[in-house]
$ cat my_file.tsv   # TSV, C-alpha atoms
chain	number	residue	atom	x	y	z
A	1	MET	CA	-5.46	15.41	15.67
A	2	LYS	CA	-8.74	16.29	14.03
A	3	ALA	CA	-9.75	18.90	16.59
A	4	LYS	CA	-12.46	20.76	14.65
A	5	ALA	CA	-15.09	20.02	12.02
A	6	GLU	CA	-13.26	21.92	9.28
A	7	PRO	CA	-10.35	21.34	6.87
A	8	GLY	CA	-6.96	20.78	8.50
A	9	LEU	CA	-5.21	18.79	11.20
A	10	TRP	CA	-3.66	20.03	14.42
A	11	LEU	CA	-0.59	18.91	16.34
A	12	GLU	CA	-1.57	18.60	19.99
A	13	GLU	CA	-0.33	16.86	23.10
A	14	VAL	CA	-2.82	14.23	24.27
A	15	PRO	CA	-2.77	12.06	27.38
A	16	VAL	CA	-1.18	8.61	27.03
A	17	PRO	CA	-3.96	6.07	27.60
A	18	GLU	CA	-3.68	3.16	30.00
A	19	ALA	CA	-3.75	-0.43	28.76
A	20	ARG	CA	-6.75	-2.03	30.46
A	21	GLY	CA	-8.77	-5.15	29.75
A	22	ASP	CA	-8.29	-6.05	26.07
A	23	ASP	CA	-6.12	-2.99	25.29
A	24	VAL	CA	-2.53	-2.96	24.08
A	25	LEU	CA	-0.53	0.27	24.44
A	26	ILE	CA	1.90	0.73	21.53
A	27	ARG	CA	4.85	3.11	21.32
A	28	VAL	CA	4.84	4.25	17.69
A	29	LEU	CA	8.27	4.04	16.04
A	30	LYS	CA	7.39	4.96	12.45
A	31	THR	CA	4.15	6.12	10.88
A	32	SER	CA	2.68	6.98	7.50
A	33	ILE	CA	-0.14	8.95	5.92
A	34	CYS	CA	-2.82	7.09	3.97
A	35	GLY	CA	-5.80	8.05	1.83
A	36	THR	CA	-8.12	8.09	4.84
A	37	ASP	CA	-5.91	10.73	6.47
A	38	LEU	CA	-6.20	12.89	3.35
A	39	HIS	CA	-10.01	12.66	3.49
A	40	ILE	CA	-9.90	13.68	7.15
A	41	TYR	CA	-7.48	16.55	6.43
A	42	ASN	CA	-9.60	17.85	3.53
A	43	TRP	CA	-12.79	17.36	5.56
A	44	ASP	CA	-14.66	16.07	2.52
A	45	ALA	CA	-18.22	14.69	2.52
A	46	TRP	CA	-17.05	11.19	3.54
A	47	ALA	CA	-15.07	12.52	6.51
A	48	GLN	CA	-17.91	14.80	7.62
A	49	LYS	CA	-20.33	11.86	7.91
A	50	THR	CA	-17.80	9.35	9.27
A	51	ILE	CA	-15.28	11.03	11.59
A	52	PRO	CA	-16.34	12.23	15.05
A	53	VAL	CA	-14.40	15.21	16.34
A	54	PRO	CA	-12.26	15.56	18.31
A	55	MET	CA	-10.32	12.44	17.25
A	56	THR	CA	-6.67	11.49	17.46
A	57	ILE	CA	-6.00	10.04	14.02
A	58	GLY	CA	-3.36	7.73	12.60
A	59	HIS	CA	-3.64	4.04	11.88
A	60	GLU	CA	-0.67	3.09	9.70
A	61	PHE	CA	2.35	2.52	11.90
A	62	VAL	CA	4.94	0.15	13.30
A	63	GLY	CA	5.70	0.17	16.99
A	64	ALA	CA	6.59	-1.71	20.13
A	65	VAL	CA	4.19	-2.95	22.78
A	66	GLU	CA	4.61	-0.83	25.93
A	67	ALA	CA	1.90	-2.43	28.09
A	68	VAL	CA	-0.92	-4.95	27.85
A	69	GLY	CA	-4.27	-5.14	29.61
A	70	ASP	CA	-5.24	-7.95	31.97
A	71	HIS	CA	-7.18	-9.90	29.31
A	72	VAL	CA	-4.56	-9.74	26.54
A	73	LYS	CA	-2.98	-12.99	25.41
A	74	GLY	CA	-0.23	-13.46	22.85
A	75	PHE	CA	1.42	-10.04	23.20
A	76	ALA	CA	4.10	-8.86	25.63
A	77	LYS	CA	6.03	-5.69	26.32
A	78	GLY	CA	8.68	-5.19	23.67
A	79	ASP	CA	6.88	-7.09	20.87
A	80	LEU	CA	7.20	-5.42	17.47
A	81	VAL	CA	3.76	-4.80	15.94
A	82	VAL	CA	2.12	-3.03	13.01
A	83	GLY	CA	-1.19	-1.21	12.86
A	84	GLU	CA	-3.97	-2.54	10.65
A	85	GLY	CA	-7.13	-0.55	10.18
A	86	HIS	CA	-9.47	-3.53	10.07
A	87	ILE	CA	-10.64	-5.55	13.05
A	88	THR	CA	-9.63	-9.18	12.62
A	89	CYS	CA	-9.72	-12.36	14.67
A	90	GLY	CA	-5.96	-12.98	14.41
A	91	HIS	CA	-6.42	-16.74	14.14
A	92	CYS	CA	-7.99	-17.59	10.77
A	93	ARG	CA	-6.06	-18.29	7.54
A	94	ASN	CA	-6.56	-14.74	6.22
A	95	CYS	CA	-5.40	-13.11	9.45
A	96	LEU	CA	-2.37	-15.38	9.71
A	97	ALA	CA	-1.43	-14.69	6.08

$ encode --input "my_file.tsv" --output "structure tokens"
Amino acid sequence: MKAKAEPGLWLEEVPVPEARGDDVLIRVLKTSICGTDLHIYNWDAWAQKTIPVPMTIGHEFVGAVEAVGDHVKGFAKGDLVVGEGHITCGHCRNCLA
């Protein structure tokens, strides 16, 4: 978690969110660190202007769907999914590739 506007990251317990509306709750099985995480950890100029604190970070992972919101279609509890840091439509050629 990026708890403070200074270099470092902190391990903290945070509440598990509910899956509502268009949300999908994912149980993370494996995760990784990427370049963005290093910027956030170092609290460089990019992170200072981009990252609001506090923020629970982490966006490269594989997991299983635990719950889906009422408006979610195409995903069900138990589905294996991966995290992607870009918002996509999920239907076009590029998304399907």

$ atom_distance --input "my_file.tsv" --atom1 "atom CA of A:Ala76" --atom2 "atom CA of A:Gly90"
15.6 Å

$ residues_around --input "my_file.tsv" --residues "stretch 70-72 of chain A" --least-positions-apart "3" --cutoff "10 Å" --atoms "all atoms listed in the file" --output "count of residues only"
9

$ atom_distance --input "my_file.tsv" --atom1 "atom CA of A:His91" --atom2 "atom CA of A:Cys34"
26.2 Å

$ closest_residue --input "my_file.tsv" --among "A:Leu96, A:Asp37, A:Val81, A:Asp44" --to "A:Thr56" --atoms "only C-alpha atoms"
A:Asp37

$ residues_around --input "my_file.tsv" --residues "A:Phe61" --least-positions-apart "3" --cutoff "6 Å" --atoms "all atoms listed in the file" --output "ChimeraX atom specification"
/A:30-31,82-83

$ residues_around --input "my_file.tsv" --residues "A:Leu9" --least-positions-apart "6" --cutoff "7 Å" --atoms "all atoms listed in the file" --output "ChimeraX atom specification"
/A:1-2,41

$ write_last_selection --input "my_file.tsv" --atoms "C-alpha atoms" --output "CSV table (one decimal), in the coordinates of the input"
chain,number,residue,atom,x,y,z
A,1,MET,CA,-5.5,15.4,15.7
A,2,LYS,CA,-8.7,16.3,14.0
A,41,TYR,CA,-7.5,16.6,6.4

$ atom_distance --input "my_file.tsv" --atom1 "atom CA of A:Leu25" --atom2 "atom CA of A:Gly8"
26.8 Å

$ residues_around --input "my_file.tsv" --residues "A:Glu66" --least-positions-apart "3" --cutoff "7 Å" --atoms "only C-alpha atoms" --output "number ranges by chain"
A: 25-27, 77-78

$ write_last_selection --input "my_file.tsv" --atoms "C-alpha atoms" --output "mmCIF file, in the coordinates of the input"
data_model
loop_
_atom_site.group_PDB
_atom_site.id
_atom_site.type_symbol
_atom_site.label_atom_id
_atom_site.label_comp_id
_atom_site.auth_asym_id
_atom_site.auth_seq_id
_atom_site.Cartn_x
_atom_site.Cartn_y
_atom_site.Cartn_z
ATOM 1 C CA LEU A 25 -0.530 0.270 24.440
ATOM 2 C CA ILE A 26 1.900 0.730 21.530
ATOM 3 C CA ARG A 27 4.850 3.110 21.320
ATOM 4 C CA LYS A 77 6.030 -5.690 26.320
ATOM 5 C CA GLY A 78 8.680 -5.190 23.670
#

$ axis_aligned_box --input "my_file.tsv" --around "stretch 40-59 of chain A" --padding-each-side "4 Å" --output "JSON"
{"center_x": -11.8, "center_y": 10.9, "center_z": 10.4, "size_x": 25.0, "size_y": 21.8, "size_z": 23.8}

$ closest_residue --input "my_file.tsv" --among "A:Leu38, A:Val53, A:Val62, A:Cys89" --to "A:Lys4" --atoms "all atoms listed in the file"
A:Val53

$ closest_residue --input "my_file.tsv" --among "A:Gly74, A:Gly69, A:Gly58, A:Pro52" --to "A:Thr36" --atoms "all atoms listed in the file"
A:Gly58

$ decode --input "my_file.tsv" --residues "stretch 55-79 of chain A" --atoms "N, CA and C atoms" --output "short mmCIF file (atom, residue, chain, number, x, y, z; two decimals), in the first residue's frame"
data_model
loop_
_atom_site.label_atom_id
_atom_site.label_comp_id
_atom_site.auth_asym_id
_atom_site.auth_seq_id
_atom_site.Cartn_x
_atom_site.Cartn_y
_atom_site.Cartn_z
N MET A 55 -3.30 4.63 -1.42
CA MET A 55 -3.75 3.80 -2.54
C MET A 55 -3.22 2.38 -2.35
N THR A 56 -4.11 1.41 -2.50
CA THR A 56 -3.68 0.02 -2.54
C THR A 56 -3.20 -0.23 -3.95
N ILE A 57 -1.92 -0.60 -4.09
CA ILE A 57 -1.35 -0.76 -5.43
C ILE A 57 -1.30 -2.22 -5.83
N GLY A 58 -0.93 -2.45 -7.07
CA GLY A 58 -0.78 -3.80 -7.60
C GLY A 58 -1.73 -4.03 -8.75
N HIS A 59 -1.18 -4.27 -9.94
CA HIS A 59 -2.04 -4.44 -11.10
C HIS A 59 -1.54 -5.52 -12.05
N GLU A 60 -0.52 -6.27 -11.66
CA GLU A 60 -0.08 -7.40 -12.48
C GLU A 60 -0.28 -8.66 -11.66
N PHE A 61 -1.29 -9.45 -12.05
CA PHE A 61 -1.65 -10.61 -11.24
C PHE A 61 -2.45 -11.61 -12.05
N VAL A 62 -2.56 -12.81 -11.51
CA VAL A 62 -3.49 -13.81 -11.99
C VAL A 62 -4.33 -14.21 -10.78
N GLY A 63 -5.60 -14.46 -11.01
CA GLY A 63 -6.47 -14.79 -9.89
C GLY A 63 -7.74 -15.48 -10.34
N ALA A 64 -8.61 -15.71 -9.39
CA ALA A 64 -9.89 -16.36 -9.64
C ALA A 64 -11.01 -15.42 -9.23
N VAL A 65 -12.05 -15.37 -10.04
CA VAL A 65 -13.21 -14.55 -9.72
C VAL A 65 -13.89 -15.10 -8.48
N GLU A 66 -14.07 -14.23 -7.48
CA GLU A 66 -14.76 -14.62 -6.24
C GLU A 66 -16.23 -14.22 -6.26
N ALA A 67 -16.52 -13.07 -6.88
CA ALA A 67 -17.90 -12.57 -6.93
C ALA A 67 -18.02 -11.59 -8.08
N VAL A 68 -19.23 -11.45 -8.60
CA VAL A 68 -19.49 -10.49 -9.67
C VAL A 68 -20.67 -9.61 -9.30
N GLY A 69 -20.63 -8.36 -9.76
CA GLY A 69 -21.72 -7.43 -9.53
C GLY A 69 -22.93 -7.76 -10.40
N ASP A 70 -24.04 -7.12 -10.11
CA ASP A 70 -25.30 -7.39 -10.81
C ASP A 70 -25.27 -7.12 -12.30
N HIS A 71 -24.41 -6.21 -12.77
CA HIS A 71 -24.38 -5.84 -14.18
C HIS A 71 -23.30 -6.57 -14.99
N VAL A 72 -22.56 -7.45 -14.35
CA VAL A 72 -21.44 -8.13 -15.02
C VAL A 72 -21.96 -9.27 -15.87
N LYS A 73 -21.45 -9.32 -17.11
CA LYS A 73 -21.78 -10.42 -18.02
C LYS A 73 -20.47 -11.04 -18.49
N GLY A 74 -20.46 -12.34 -18.67
CA GLY A 74 -19.31 -13.01 -19.24
C GLY A 74 -18.28 -13.50 -18.23
N PHE A 75 -18.51 -13.26 -16.95
CA PHE A 75 -17.60 -13.74 -15.91
C PHE A 75 -18.43 -14.41 -14.82
N ALA A 76 -17.87 -15.46 -14.22
CA ALA A 76 -18.56 -16.18 -13.15
C ALA A 76 -17.57 -16.58 -12.08
N LYS A 77 -18.07 -16.82 -10.90
CA LYS A 77 -17.21 -17.27 -9.80
C LYS A 77 -16.39 -18.48 -10.24
N GLY A 78 -15.10 -18.43 -9.94
CA GLY A 78 -14.21 -19.51 -10.28
C GLY A 78 -13.43 -19.30 -11.57
N ASP A 79 -13.85 -18.35 -12.42
CA ASP A 79 -13.11 -18.08 -13.66
C ASP A 79 -11.70 -17.63 -13.35
#
